[in-house]
>>> print(open('work-v5.tsv').read())   # TSV, C-alpha atoms and all ligand atoms
chain	number	residue	atom	x	y	z
A	1	MET	CA	7.87	-91.03	34.37
A	2	ARG	CA	9.29	-92.27	31.10
A	3	GLY	CA	10.28	-90.01	28.20
A	4	THR	CA	12.17	-89.92	24.90
A	5	VAL	CA	15.97	-89.61	24.99
A	6	LEU	CA	18.35	-89.51	22.02
A	7	TYR	CA	21.67	-91.25	22.69
A	8	GLY	CA	23.33	-90.87	19.29
A	9	PRO	CA	22.54	-91.15	15.59
A	10	ARG	CA	19.34	-93.20	15.12
A	11	ASP	CA	19.40	-94.30	18.79
A	12	VAL	CA	16.13	-93.13	20.37
A	13	ARG	CA	15.18	-94.67	23.72
A	14	PHE	CA	12.12	-94.39	25.89
A	15	GLU	CA	13.36	-94.49	29.44
A	16	GLU	CA	12.91	-93.44	33.05
A	17	ARG	CA	13.44	-89.73	33.65
A	18	PRO	CA	12.74	-87.55	36.68
A	19	ALA	CA	9.20	-86.12	36.58
A	20	PRO	CA	9.32	-82.32	36.27
A	21	THR	CA	8.59	-80.14	39.29
A	22	ILE	CA	8.08	-76.41	39.81
A	23	ILE	CA	11.58	-74.90	40.02
A	24	LYS	CA	10.82	-71.19	39.67
A	25	PRO	CA	7.62	-69.47	40.89
A	26	THR	CA	6.87	-68.53	37.25
A	27	ASP	CA	6.76	-72.19	36.08
A	28	ALA	CA	3.81	-74.38	35.22
A	29	ILE	CA	3.63	-78.16	34.92
A	30	ILE	CA	1.43	-79.55	32.19
A	31	ARG	CA	0.13	-83.06	31.57
A	32	MET	CA	0.73	-83.75	27.88
A	33	ALA	CA	-2.36	-84.31	25.72
A	34	LEU	CA	-0.33	-84.86	22.54
A	35	THR	CA	3.22	-84.28	21.38
A	36	CYS	CA	5.06	-85.06	18.14
A	37	VAL	CA	8.32	-85.46	16.27
A	38	CYS	CA	9.61	-82.39	14.42
A	39	GLY	CA	11.46	-82.28	11.11
A	40	SER	CA	14.16	-80.38	13.00
A	41	ASP	CA	14.55	-83.32	15.44
A	42	LEU	CA	15.92	-85.22	12.44
A	43	TRP	CA	19.04	-82.99	12.34
A	44	ASP	CA	19.93	-84.53	15.73
A	45	TYR	CA	18.61	-88.00	14.87
A	46	ARG	CA	20.76	-88.18	11.73
A	47	GLY	CA	23.85	-87.00	13.59
A	48	ILE	CA	24.11	-83.75	11.59
A	49	ASN	CA	23.98	-81.97	14.96
A	50	PRO	CA	26.43	-84.02	17.04
A	51	ILE	CA	25.04	-85.55	20.27
A	52	THR	CA	27.65	-85.44	23.03
A	53	GLN	CA	25.43	-86.71	25.86
A	54	PRO	CA	21.96	-88.32	26.14
A	55	LYS	CA	19.47	-85.66	25.11
A	56	PRO	CA	15.77	-85.54	26.09
A	57	MET	CA	13.74	-84.69	22.98
A	58	GLY	CA	10.62	-82.83	21.92
A	59	HIS	CA	9.57	-79.19	21.74
A	60	GLU	CA	5.95	-79.29	20.54
A	61	TYR	CA	3.29	-79.66	23.19
A	62	CYS	CA	-0.23	-79.03	24.40
A	63	GLY	CA	-2.06	-80.30	27.45
A	64	ILE	CA	-3.80	-79.67	30.72
A	65	VAL	CA	-2.20	-77.48	33.40
A	66	GLU	CA	-1.49	-79.64	36.42
A	67	GLU	CA	0.22	-77.16	38.74
A	68	VAL	CA	1.50	-73.57	38.68
A	69	GLY	CA	4.15	-71.69	40.64
A	70	ARG	CA	3.10	-69.04	43.16
A	71	ALA	CA	3.91	-66.11	40.83
A	72	VAL	CA	1.72	-67.39	37.97
A	73	THR	CA	-1.47	-65.34	37.68
A	74	SER	CA	-3.11	-65.87	34.28
A	75	ILE	CA	-2.69	-69.63	33.81
A	76	LYS	CA	-4.67	-71.96	36.06
A	77	PRO	CA	-4.75	-75.70	36.77
A	78	GLY	CA	-7.31	-77.50	34.61
A	79	GLN	CA	-6.89	-75.22	31.59
A	80	PHE	CA	-5.95	-76.68	28.19
A	81	VAL	CA	-2.87	-74.77	27.00
A	82	ILE	CA	-0.51	-74.48	24.05
A	83	GLY	CA	2.90	-72.86	24.03
A	84	SER	CA	5.84	-72.26	21.74
A	85	PHE	CA	9.16	-74.10	21.73
A	86	PHE	CA	10.68	-70.93	23.18
A	87	ALA	CA	9.31	-69.86	26.55
A	88	SER	CA	9.03	-66.06	26.66
A	89	ASP	CA	8.01	-63.42	29.21
A	90	ASN	CA	5.81	-61.56	26.68
A	91	THR	CA	6.77	-58.25	28.35
A	92	CYS	CA	10.34	-57.37	27.27
A	93	PRO	CA	11.05	-55.02	24.32
A	94	ASN	CA	11.67	-57.91	21.91
A	95	CYS	CA	8.39	-59.59	22.88
A	96	LYS	CA	6.55	-56.28	22.58
A	97	ALA	CA	8.03	-55.80	19.11
A	98	GLY	CA	6.46	-59.13	18.12
A	99	TYR	CA	9.50	-61.39	18.54
A	100	PRO	CA	8.88	-63.59	21.61
A	101	SER	CA	11.22	-66.21	20.09
A	102	GLY	CA	13.91	-63.54	20.56
A	103	CYS	CA	12.76	-62.74	24.13
A	104	GLN	CA	15.50	-61.39	26.41
A	105	HIS	CA	14.57	-64.17	28.86
A	106	ARG	CA	13.71	-66.92	26.41
A	107	GLU	CA	14.29	-70.55	27.33
A	108	PHE	CA	14.18	-73.40	24.85
A	109	ILE	CA	11.77	-76.19	25.75
A	110	GLY	CA	13.42	-79.41	24.67
A	111	ASP	CA	11.94	-82.27	26.68
A	112	ALA	CA	8.32	-82.40	25.55
A	113	GLN	CA	8.23	-86.00	24.28
A	114	ALA	CA	7.15	-87.06	27.76
A	115	PRO	CA	3.87	-87.33	29.69
A	116	MET	CA	4.66	-84.27	31.86
A	117	LEU	CA	6.45	-81.01	31.05
A	118	ARG	CA	7.75	-78.00	32.96
A	119	VAL	CA	7.04	-74.75	31.12
A	120	PRO	CA	9.04	-71.71	32.35
A	121	LEU	CA	7.55	-68.19	32.23
A	122	ALA	CA	4.07	-69.73	32.14
A	123	ASP	CA	2.12	-66.46	32.04
A	124	GLY	CA	4.04	-65.20	29.01
A	125	THR	CA	4.40	-68.53	27.23
A	126	LEU	CA	1.13	-70.43	27.50
A	127	VAL	CA	-2.16	-69.56	25.87
A	128	ALA	CA	-5.32	-71.31	27.06
A	129	THR	CA	-8.17	-72.41	24.79
A	130	PRO	CA	-11.66	-71.09	25.68
A	131	ASP	CA	-12.75	-74.61	26.75
A	132	VAL	CA	-11.10	-78.00	27.00
A	133	PRO	CA	-11.23	-78.96	23.29
A	134	PRO	CA	-12.81	-82.13	21.90
A	135	ASP	CA	-10.40	-84.96	21.05
A	136	ASN	CA	-10.67	-84.46	17.30
A	137	MET	CA	-9.35	-80.89	17.62
A	138	THR	CA	-6.28	-81.65	19.72
A	139	ALA	CA	-3.93	-82.54	16.84
A	140	SER	CA	-4.69	-79.23	15.10
A	141	LEU	CA	-4.05	-77.36	18.35
A	142	LEU	CA	-0.77	-79.21	18.85
A	143	ALA	CA	0.29	-78.15	15.34
A	144	LEU	CA	0.11	-74.51	16.47
A	145	SER	CA	2.93	-75.12	18.96
A	146	ASP	CA	5.50	-75.07	16.16
A	147	VAL	CA	4.77	-76.38	12.69
A	148	MET	CA	1.67	-74.28	11.90
A	149	GLY	CA	3.00	-71.28	13.85
A	150	THR	CA	6.24	-71.49	11.87
A	151	ALA	CA	4.44	-71.80	8.55
A	152	TRP	CA	2.25	-68.84	9.55
A	153	PHE	CA	5.37	-66.78	10.23
A	154	ALA	CA	6.83	-67.76	6.83
A	155	ALA	CA	3.72	-66.35	5.14
A	156	ASN	CA	3.76	-63.27	7.36
A	157	ALA	CA	7.48	-62.61	6.81
A	158	ALA	CA	7.07	-63.12	3.05
A	159	ASN	CA	4.26	-60.55	2.99
A	160	VAL	CA	1.72	-62.91	1.40
A	161	LYS	CA	-1.26	-60.82	0.30
A	162	PRO	CA	-4.56	-61.49	-1.49
A	163	GLY	CA	-4.13	-62.02	-5.21
A	164	LYS	CA	-0.34	-62.54	-5.08
A	165	THR	CA	1.83	-65.33	-6.45
A	166	VAL	CA	3.58	-67.47	-3.85
A	167	VAL	CA	6.27	-70.14	-4.09
A	168	VAL	CA	6.77	-72.62	-1.25
A	169	VAL	CA	10.18	-74.31	-1.15
A	170	GLY	CA	10.03	-77.59	0.78
A	171	ASP	CA	7.34	-80.24	1.16
A	172	GLY	CA	7.95	-81.23	4.78
A	173	ALA	CA	5.26	-80.54	7.35
A	174	VAL	CA	6.16	-76.83	7.56
A	175	GLY	CA	6.22	-76.46	3.76
A	176	LEU	CA	2.81	-78.10	3.42
A	177	LEU	CA	1.33	-75.90	6.12
A	178	ALA	CA	2.98	-72.87	4.50
A	179	VAL	CA	0.77	-73.66	1.50
A	180	LEU	CA	-2.23	-73.66	3.86
A	181	ALA	CA	-1.10	-70.34	5.39
A	182	ALA	CA	-0.72	-68.76	1.92
A	183	LYS	CA	-4.16	-70.03	0.95
A	184	HIS	CA	-5.62	-68.59	4.14
A	185	ARG	CA	-4.09	-65.21	3.25
A	186	ARG	CA	-5.86	-65.52	-0.11
A	187	ALA	CA	-2.87	-65.78	-2.40
A	188	ASN	CA	-4.03	-66.26	-5.96
A	189	ARG	CA	-1.40	-68.67	-7.13
A	190	ILE	CA	0.51	-71.03	-4.86
A	191	ILE	CA	3.35	-72.99	-6.42
A	192	ALA	CA	4.58	-75.88	-4.26
A	193	MET	CA	8.01	-77.39	-4.95
A	194	SER	CA	7.69	-81.12	-4.25
A	195	ARG	CA	8.93	-84.37	-5.72
A	196	HIS	CA	6.80	-86.75	-3.65
A	197	THR	CA	3.39	-87.80	-4.93
A	198	SER	CA	1.72	-88.19	-1.52
A	199	ARG	CA	2.98	-84.78	-0.42
A	200	GLN	CA	1.91	-83.16	-3.70
A	201	LYS	CA	-1.58	-84.49	-3.01
A	202	LEU	CA	-1.71	-82.87	0.43
A	203	ALA	CA	-0.21	-79.64	-1.00
A	204	ARG	CA	-3.08	-79.54	-3.53
A	205	GLU	CA	-5.58	-80.21	-0.76
A	206	PHE	CA	-4.12	-77.31	1.23
A	207	GLY	CA	-4.44	-74.96	-1.76
A	208	ALA	CA	-1.44	-75.37	-4.10
A	209	THR	CA	-2.38	-74.41	-7.66
A	210	ASP	CA	0.85	-75.65	-9.29
A	211	ILE	CA	3.49	-78.24	-8.45
A	212	VAL	CA	7.13	-77.92	-9.51
A	213	THR	CA	9.04	-81.19	-9.25
A	214	GLU	CA	12.40	-79.88	-10.48
A	215	ARG	CA	15.05	-78.64	-8.06
A	216	GLY	CA	17.99	-76.24	-8.16
A	217	ASP	CA	18.50	-74.21	-11.36
A	218	GLU	CA	15.89	-76.31	-13.18
A	219	GLY	CA	13.35	-75.61	-10.44
A	220	VAL	CA	14.07	-71.87	-10.65
A	221	ALA	CA	13.75	-71.97	-14.45
A	222	ARG	CA	10.37	-73.66	-14.09
A	223	ILE	CA	9.17	-71.00	-11.61
A	224	LYS	CA	10.29	-68.27	-14.01
A	225	GLU	CA	8.39	-70.01	-16.82
A	226	LEU	CA	5.24	-70.07	-14.68
A	227	THR	CA	5.55	-66.37	-13.79
A	228	ASP	CA	6.24	-64.82	-17.22
A	229	GLY	CA	9.94	-64.68	-16.47
A	230	ILE	CA	9.43	-62.37	-13.48
A	231	GLY	CA	9.43	-64.59	-10.38
A	232	ALA	CA	7.06	-64.78	-7.42
A	233	ASP	CA	5.86	-61.95	-5.15
A	234	SER	CA	6.50	-64.08	-2.05
A	235	VAL	CA	8.70	-67.09	-1.46
A	236	LEU	CA	8.39	-69.24	1.67
A	237	GLU	CA	11.63	-71.13	2.37
A	238	CYS	CA	10.94	-74.13	4.61
A	239	VAL	CA	14.06	-76.33	4.35
A	240	GLY	CA	17.28	-74.60	5.45
A	241	THR	CA	19.85	-75.91	2.98
A	242	GLN	CA	22.10	-73.94	0.62
A	243	GLU	CA	20.14	-75.29	-2.35
A	244	SER	CA	16.72	-74.36	-0.92
A	245	MET	CA	17.88	-70.88	0.07
A	246	MET	CA	19.27	-70.22	-3.42
A	247	GLU	CA	16.06	-71.55	-4.98
A	248	ALA	CA	14.12	-69.13	-2.78
A	249	MET	CA	16.29	-66.11	-3.63
A	250	ARG	CA	16.29	-66.80	-7.35
A	251	SER	CA	12.53	-67.51	-7.51
A	252	ALA	CA	11.50	-64.14	-6.07
A	253	ARG	CA	10.75	-61.20	-8.32
A	254	ARG	CA	12.59	-57.87	-8.00
A	255	GLY	CA	11.24	-56.31	-4.83
A	256	GLY	CA	9.79	-59.66	-3.77
A	257	TYR	CA	9.75	-61.06	-0.24
A	258	ILE	CA	11.35	-64.19	1.19
A	259	GLY	CA	10.19	-65.63	4.50
A	260	TYR	CA	12.77	-68.20	5.60
A	261	VAL	CA	11.99	-70.56	8.46
A	262	GLY	CA	14.07	-73.65	7.65
A	263	VAL	CA	16.84	-73.83	10.27
A	264	PRO	CA	19.95	-73.08	8.15
A	265	HIS	CA	22.59	-75.77	7.94
A	266	GLY	CA	25.69	-74.66	6.04
A	267	VAL	CA	23.96	-71.78	4.26
A	268	GLY	CA	26.13	-68.94	2.93
A	269	LEU	CA	24.85	-66.02	0.85
A	270	ASP	CA	26.89	-64.23	-1.74
A	271	GLY	CA	26.80	-60.49	-1.04
A	272	THR	CA	26.92	-59.46	-4.66
A	273	GLU	CA	24.09	-61.78	-5.68
A	274	LEU	CA	22.03	-60.61	-2.70
A	275	PHE	CA	22.70	-56.97	-3.63
A	276	TYR	CA	21.46	-57.35	-7.19
A	277	ALA	CA	18.51	-59.61	-6.27
A	278	HIS	CA	16.46	-56.72	-4.82
A	279	VAL	CA	14.67	-58.98	-2.36
A	280	HIS	CA	13.34	-58.53	1.18
A	281	LEU	CA	14.69	-61.25	3.50
A	282	HIS	CA	12.98	-61.93	6.80
A	283	GLY	CA	13.08	-65.11	8.83
A	284	GLY	CA	14.39	-66.87	11.89
A	285	PRO	CA	12.89	-68.95	14.68
A	286	ALA	CA	9.18	-68.24	14.37
A	287	PRO	CA	7.65	-65.92	16.98
A	288	VAL	CA	4.93	-68.53	17.48
A	289	ARG	CA	3.60	-66.98	20.69
A	290	ARG	CA	2.59	-63.84	18.74
A	291	PHE	CA	0.26	-65.88	16.52
A	292	LEU	CA	-1.21	-68.28	19.11
A	293	PRO	CA	-4.36	-66.32	20.07
A	294	GLU	CA	-5.32	-65.83	16.40
A	295	LEU	CA	-4.47	-69.42	15.42
A	296	ILE	CA	-6.30	-70.94	18.41
A	297	ASP	CA	-9.34	-68.94	17.41
A	298	LEU	CA	-9.15	-70.17	13.81
A	299	VAL	CA	-8.80	-73.82	14.87
A	300	CYS	CA	-11.55	-73.64	17.52
A	301	SER	CA	-13.96	-72.05	15.04
A	302	GLY	CA	-13.22	-74.76	12.46
A	303	LYS	CA	-11.57	-72.40	9.95
A	304	LEU	CA	-8.14	-74.01	10.06
A	305	ASP	CA	-7.32	-77.72	10.26
A	306	PRO	CA	-3.52	-78.10	10.28
A	307	GLY	CA	-3.77	-81.44	12.11
A	308	LYS	CA	-4.11	-83.11	8.70
A	309	VAL	CA	-0.34	-82.88	8.38
A	310	PHE	CA	0.08	-85.74	10.91
A	311	ASP	CA	-0.06	-88.94	8.91
A	312	LEU	CA	1.22	-91.35	11.57
A	313	THR	CA	-0.02	-91.71	15.15
A	314	LEU	CA	1.88	-93.79	17.67
A	315	PRO	CA	1.83	-94.28	21.42
A	316	LEU	CA	4.56	-92.17	23.03
A	317	ASP	CA	6.60	-95.24	24.02
A	318	LYS	CA	6.96	-96.08	20.30
A	319	ALA	CA	8.62	-92.70	19.56
A	320	ALA	CA	11.66	-94.47	18.05
A	321	ASP	CA	9.41	-95.92	15.30
A	322	GLY	CA	8.07	-92.43	14.65
A	323	TYR	CA	11.57	-91.03	14.14
A	324	ARG	CA	12.46	-93.91	11.82
A	325	ALA	CA	9.34	-93.42	9.70
A	326	MET	CA	10.12	-89.72	9.24
A	327	ASP	CA	13.81	-90.36	8.59
A	328	GLU	CA	12.86	-92.83	5.83
A	329	ARG	CA	10.25	-90.36	4.57
A	330	ARG	CA	7.47	-92.91	5.09
A	331	ALA	CA	5.73	-90.36	7.31
A	332	ILE	CA	5.38	-86.58	6.98
A	333	LYS	CA	4.96	-86.01	10.71
A	334	THR	CA	4.45	-88.36	13.64
A	335	LEU	CA	1.91	-87.68	16.38
A	336	LEU	CA	2.74	-89.18	19.78
A	337	ARG	CA	0.02	-90.02	22.25
A	338	PRO	CA	1.08	-90.38	25.92
A	401	ZN	ZN	9.41	-78.37	15.77
A	402	ZN	ZN	10.39	-61.16	26.25
>>> encode(input="work-v5.tsv", output="structure tokens")
Amino acid sequence: MRGTVLYGPRDVRFEERPAPTIIKPTDAIIRMALTCVCGSDLWDYRGINPITQPKPMGHEYCGIVEEVGRAVTSIKPGQFVIGSFFASDNTCPNCKAGYPSGCQHREFIGDAQAPMLRVPLADGTLVATPDVPPDNMTASLLALSDVMGTAWFAANAANVKPGKTVVVVGDGAVGLLAVLAAKHRRANRIIAMSRHTSRQKLAREFGATDIVTERGDEGVARIKELTDGIGADSVLECVGTQESMMEAMRSARRGGYIGYVGVPHGVGLDGTELFYAHVHLHGGPAPVRRFLPELIDLVCSGKLDPGKVFDLTLPLDKAADGYRAMDERRAIKTLLRP
């Protein structure tokens, strides 16, 4: 088969790779229905995470089960399944506590931009849809694999409740879906921080009530102005830079909650500032598997449509164009069709 491999900064190739096979009896092989490029893939693509050897890419996936190992009992060939970027057993203490992305046996799935994928710990990792979904639902189901699951966790970690005021830092795909998650949890006011007109439009469509275009101290000042000088009940941090983290901390009210899901790059927090901020901080790699049954249900019943976040669809062999479009911010998120 052929799949996506990153060779170095801005050097994405689509080339021959060995087709996956069952290695452990707990594995499953799935035939990809759709996959996509993640905002976090751009850290590698831009060379911010150094690439020392050719690296297969992709960690968001959904598709039809082709084959299962002999120890797999709940997942069957022919089912349409979705899983998280971390495979998990769903039985260890960390999984039971609701943190499958911190599973004692977790394995990162990093080669999903390909027509076939091996998924370890299939019983714990994969969740099947009730039926094979219609084509027009597949993109929304794919979004649950990471981007929507991550945004959902941001809202959960930031304790978004009905009637509350929420700030979303970041207008990438996760930030935009964090607006949707906050709306779904019936926040009263949702302030999206965004400087890009097309993204502001989608943020509004997803439920943003206010847009703040300023950044840094000016952005924080604007949030304070909009909240009678108090700050927001919940802040969803969806970027992972020093600036975005400080914006999040300084935009929350005393006793407020910050859900941070942007993968931190060079972020340091000052202990004294943190001490006097009186905020709850909760974040990390999203425990997507915890939310999958609920999210699949919402998508299949037509109550949630996160697939709208994909604004570019390409055949899988044109993955390099998809990376370029996202790098140049011409696309929010690229869908890849095998
Ligand atoms: Zn991702
Ligand atoms: Zn576990």
>>> residues_around(input="work-v5.tsv", residues="region 319-321 of chain A", least_positions_apart="6", cutoff="12 Å", atoms="only C-alpha atoms", output="mmCIF file with C-alpha atoms, in the coordinates of the input")
data_model
loop_
_atom_site.group_PDB
_atom_site.id
_atom_site.type_symbol
_atom_site.label_atom_id
_atom_site.label_comp_id
_atom_site.auth_asym_id
_atom_site.auth_seq_id
_atom_site.Cartn_x
_atom_site.Cartn_y
_atom_site.Cartn_z
ATOM 1 C CA ARG A 2 9.290 -92.270 31.100
ATOM 2 C CA GLY A 3 10.280 -90.010 28.200
ATOM 3 C CA THR A 4 12.170 -89.920 24.900
ATOM 4 C CA VAL A 5 15.970 -89.610 24.990
ATOM 5 C CA LEU A 6 18.350 -89.510 22.020
ATOM 6 C CA TYR A 7 21.670 -91.250 22.690
ATOM 7 C CA PRO A 9 22.540 -91.150 15.590
ATOM 8 C CA ARG A 10 19.340 -93.200 15.120
ATOM 9 C CA ASP A 11 19.400 -94.300 18.790
ATOM 10 C CA VAL A 12 16.130 -93.130 20.370
ATOM 11 C CA ARG A 13 15.180 -94.670 23.720
ATOM 12 C CA PHE A 14 12.120 -94.390 25.890
ATOM 13 C CA GLU A 15 13.360 -94.490 29.440
ATOM 14 C CA THR A 35 3.220 -84.280 21.380
ATOM 15 C CA CYS A 36 5.060 -85.060 18.140
ATOM 16 C CA VAL A 37 8.320 -85.460 16.270
ATOM 17 C CA CYS A 38 9.610 -82.390 14.420
ATOM 18 C CA ASP A 41 14.550 -83.320 15.440
ATOM 19 C CA LEU A 42 15.920 -85.220 12.440
ATOM 20 C CA TYR A 45 18.610 -88.000 14.870
ATOM 21 C CA MET A 57 13.740 -84.690 22.980
ATOM 22 C CA GLY A 58 10.620 -82.830 21.920
ATOM 23 C CA ALA A 112 8.320 -82.400 25.550
ATOM 24 C CA GLN A 113 8.230 -86.000 24.280
ATOM 25 C CA ALA A 114 7.150 -87.060 27.760
ATOM 26 C CA LEU A 312 1.220 -91.350 11.570
ATOM 27 C CA THR A 313 -0.020 -91.710 15.150
ATOM 28 C CA ASP A 327 13.810 -90.360 8.590
ATOM 29 C CA GLU A 328 12.860 -92.830 5.830
ATOM 30 C CA ARG A 330 7.470 -92.910 5.090
ATOM 31 C CA ALA A 331 5.730 -90.360 7.310
ATOM 32 C CA LYS A 333 4.960 -86.010 10.710
ATOM 33 C CA THR A 334 4.450 -88.360 13.640
ATOM 34 C CA LEU A 335 1.910 -87.680 16.380
ATOM 35 C CA LEU A 336 2.740 -89.180 19.780
ATOM 36 C CA ARG A 337 0.020 -90.020 22.250
ATOM 37 C CA PRO A 338 1.080 -90.380 25.920
#
>>> residues_near_ligand(input="work-v5.tsv", ligand="ligand ZN 402 (chain A)", cutoff="9 Å", atoms="only C-alpha atoms and all ligand atoms", output="PyMOL selection string")
chain A and resi 87-96+99-106+124
>>> write_last_selection(input="work-v5.tsv", atoms="C-alpha atoms", output="compact mmCIF listing (two decimals), keeping the file's coordinate frame")
# COMPACT_ATOMS: atom_id res chain seq x y z
CA ALA A 87 9.31 -69.86 26.55
CA SER A 88 9.03 -66.06 26.66
CA ASP A 89 8.01 -63.42 29.21
CA ASN A 90 5.81 -61.56 26.68
CA THR A 91 6.77 -58.25 28.35
CA CYS A 92 10.34 -57.37 27.27
CA PRO A 93 11.05 -55.02 24.32
CA ASN A 94 11.67 -57.91 21.91
CA CYS A 95 8.39 -59.59 22.88
CA LYS A 96 6.55 -56.28 22.58
CA TYR A 99 9.50 -61.39 18.54
CA PRO A 100 8.88 -63.59 21.61
CA SER A 101 11.22 -66.21 20.09
CA GLY A 102 13.91 -63.54 20.56
CA CYS A 103 12.76 -62.74 24.13
CA GLN A 104 15.50 -61.39 26.41
CA HIS A 105 14.57 -64.17 28.86
CA ARG A 106 13.71 -66.92 26.41
CA GLY A 124 4.04 -65.20 29.01
>>> atom_distance(input="work-v5.tsv", atom1="CA of Tyr61 (chain A)", atom2="CA of Leu142 (chain A)")
6.0 Å
>>> closest_atom_pairs(input="work-v5.tsv", of="chain A", to="ligand ZN 401 (chain A)", cutoff="6 Å", atoms="all atoms listed in the file", output="CSV")
residue,atom,partner,partner_atom,distance
A:Cys38,CA,A:ZN401,ZN,4.2
A:Ser40,CA,A:ZN401,ZN,5.9
A:Glu60,CA,A:ZN401,ZN,6.0
A:Asp146,CA,A:ZN401,ZN,5.1
A:Val147,CA,A:ZN401,ZN,5.9
>>> atom_distance(input="work-v5.tsv", atom1="CA of Val167 (chain A)", atom2="CA of Asp311 (chain A)")
23.7 Å
>>> atom_distance(input="work-v5.tsv", atom1="CA of Gly172 (chain A)", atom2="CA of Val261 (chain A)")
12.0 Å
>>> residues_around(input="work-v5.tsv", residues="region 143-145 of chain A", least_positions_apart="5", cutoff="9 Å", atoms="all atoms listed in the file", output="list in words")
Cys36, His59, Glu60, Tyr61, Cys62, Ile82, Gly83, Ser84, Phe85, Thr138, Thr150, Val288, Arg289, Phe291, Leu292, Leu295, Ile296, Pro306, Gly307, Val309 and Phe310 of chain A
>>> closest_residue(input="work-v5.tsv", among="A:Gly262, A:Pro120, A:Pro50, A:Gly39", to="Gly322 (chain A)", atoms="only C-alpha atoms")
A:Gly39
>>> closest_residue(input="work-v5.tsv", among="A:Ala154, A:Leu34, A:Ala187, A:Val174", to="Gly284 (chain A)", atoms="all atoms listed in the file")
A:Ala154
>>> closest_residue(input="work-v5.tsv", among="A:Ala277, A:Val166, A:Ile48, A:Ile332", to="His196 (chain A)", atoms="all atoms listed in the file")
A:Ile332
>>> residues_around(input="work-v5.tsv", residues="Gly47 (chain A)", least_positions_apart="4", cutoff="7 Å", atoms="all atoms listed in the file", output="list in words")
Gly8, Pro9, Trp43 and Ile51 of chain A
>>> closest_residue(input="work-v5.tsv", among="A:Ile29, A:Ala139, A:Ile211, A:Cys238", to="Ala155 (chain A)", atoms="all atoms listed in the file")
A:Cys238
>>> residues_around(input="work-v5.tsv", residues="region 160-164 of chain A", least_positions_apart="3", cutoff="8 Å", atoms="all atoms listed in the file", output="ChimeraX atom specification")
/A:155-157,182,185-189,233-234
>>> residues_around(input="work-v5.tsv", residues="region 300-302 of chain A", least_positions_apart="4", cutoff="10 Å", atoms="all atoms listed in the file", output="MDAnalysis selection string")
chainID A and resid 129:131 133:134 137:138 140:141 295:296
>>> closest_residue(input="work-v5.tsv", among="A:Ile23, A:Ile223, A:Leu298, A:Val235", to="Met148 (chain A)", atoms="only C-alpha atoms")
A:Leu298
>>> residues_near_point(input="work-v5.tsv", point="(12.2, -60.4, -6.9)", cutoff="8 Å", atoms="all atoms listed in the file", output="list in words")
Ile230, Gly231, Ala232, Asp233, Met249, Arg250, Ser251, Ala252, Arg253, Arg254, Gly255, Gly256, Tyr257, Ala277, His278 and Val279 of chain A
>>> closest_residue(input="work-v5.tsv", among="A:Gly207, A:Pro25, A:Pro18, A:Gly219", to="Ala71 (chain A)", atoms="only C-alpha atoms")
A:Pro25
>>> build_atoms(input="work-v5.tsv", residues="region 108-119 of chain A", atoms="N, CA and C atoms", output="tab-separated table (two decimals), keeping the file's coordinate frame")
chain	number	residue	atom	x	y	z
A	108	PHE	N	14.62	-72.36	25.78
A	108	PHE	CA	14.18	-73.40	24.85
A	108	PHE	C	13.55	-74.55	25.63
A	109	ILE	N	12.43	-75.05	25.12
A	109	ILE	CA	11.77	-76.19	25.75
A	109	ILE	C	12.10	-77.42	24.92
A	110	GLY	N	12.89	-78.31	25.48
A	110	GLY	CA	13.42	-79.41	24.67
A	110	GLY	C	13.16	-80.80	25.21
A	111	ASP	N	12.17	-80.94	26.11
A	111	ASP	CA	11.94	-82.27	26.68
A	111	ASP	C	10.45	-82.61	26.71
A	112	ALA	N	9.79	-82.28	25.58
A	112	ALA	CA	8.32	-82.40	25.55
A	112	ALA	C	7.82	-83.78	25.12
A	113	GLN	N	8.70	-84.65	24.64
A	113	GLN	CA	8.23	-86.00	24.28
A	113	GLN	C	8.19	-86.85	25.55
A	114	ALA	N	7.28	-86.46	26.43
A	114	ALA	CA	7.15	-87.06	27.76
A	114	ALA	C	5.73	-86.80	28.24
A	115	PRO	N	5.26	-87.54	29.23
A	115	PRO	CA	3.87	-87.33	29.69
A	115	PRO	C	3.67	-86.04	30.48
A	116	MET	N	4.77	-85.50	31.07
A	116	MET	CA	4.66	-84.27	31.86
A	116	MET	C	5.76	-83.32	31.42
A	117	LEU	N	5.48	-82.01	31.52
A	117	LEU	CA	6.45	-81.01	31.05
A	117	LEU	C	6.44	-79.79	31.96
A	118	ARG	N	7.64	-79.28	32.26
A	118	ARG	CA	7.75	-78.00	32.96
A	118	ARG	C	7.85	-76.90	31.92
A	119	VAL	N	6.99	-75.89	32.03
A	119	VAL	CA	7.04	-74.75	31.12
A	119	VAL	C	7.44	-73.51	31.93
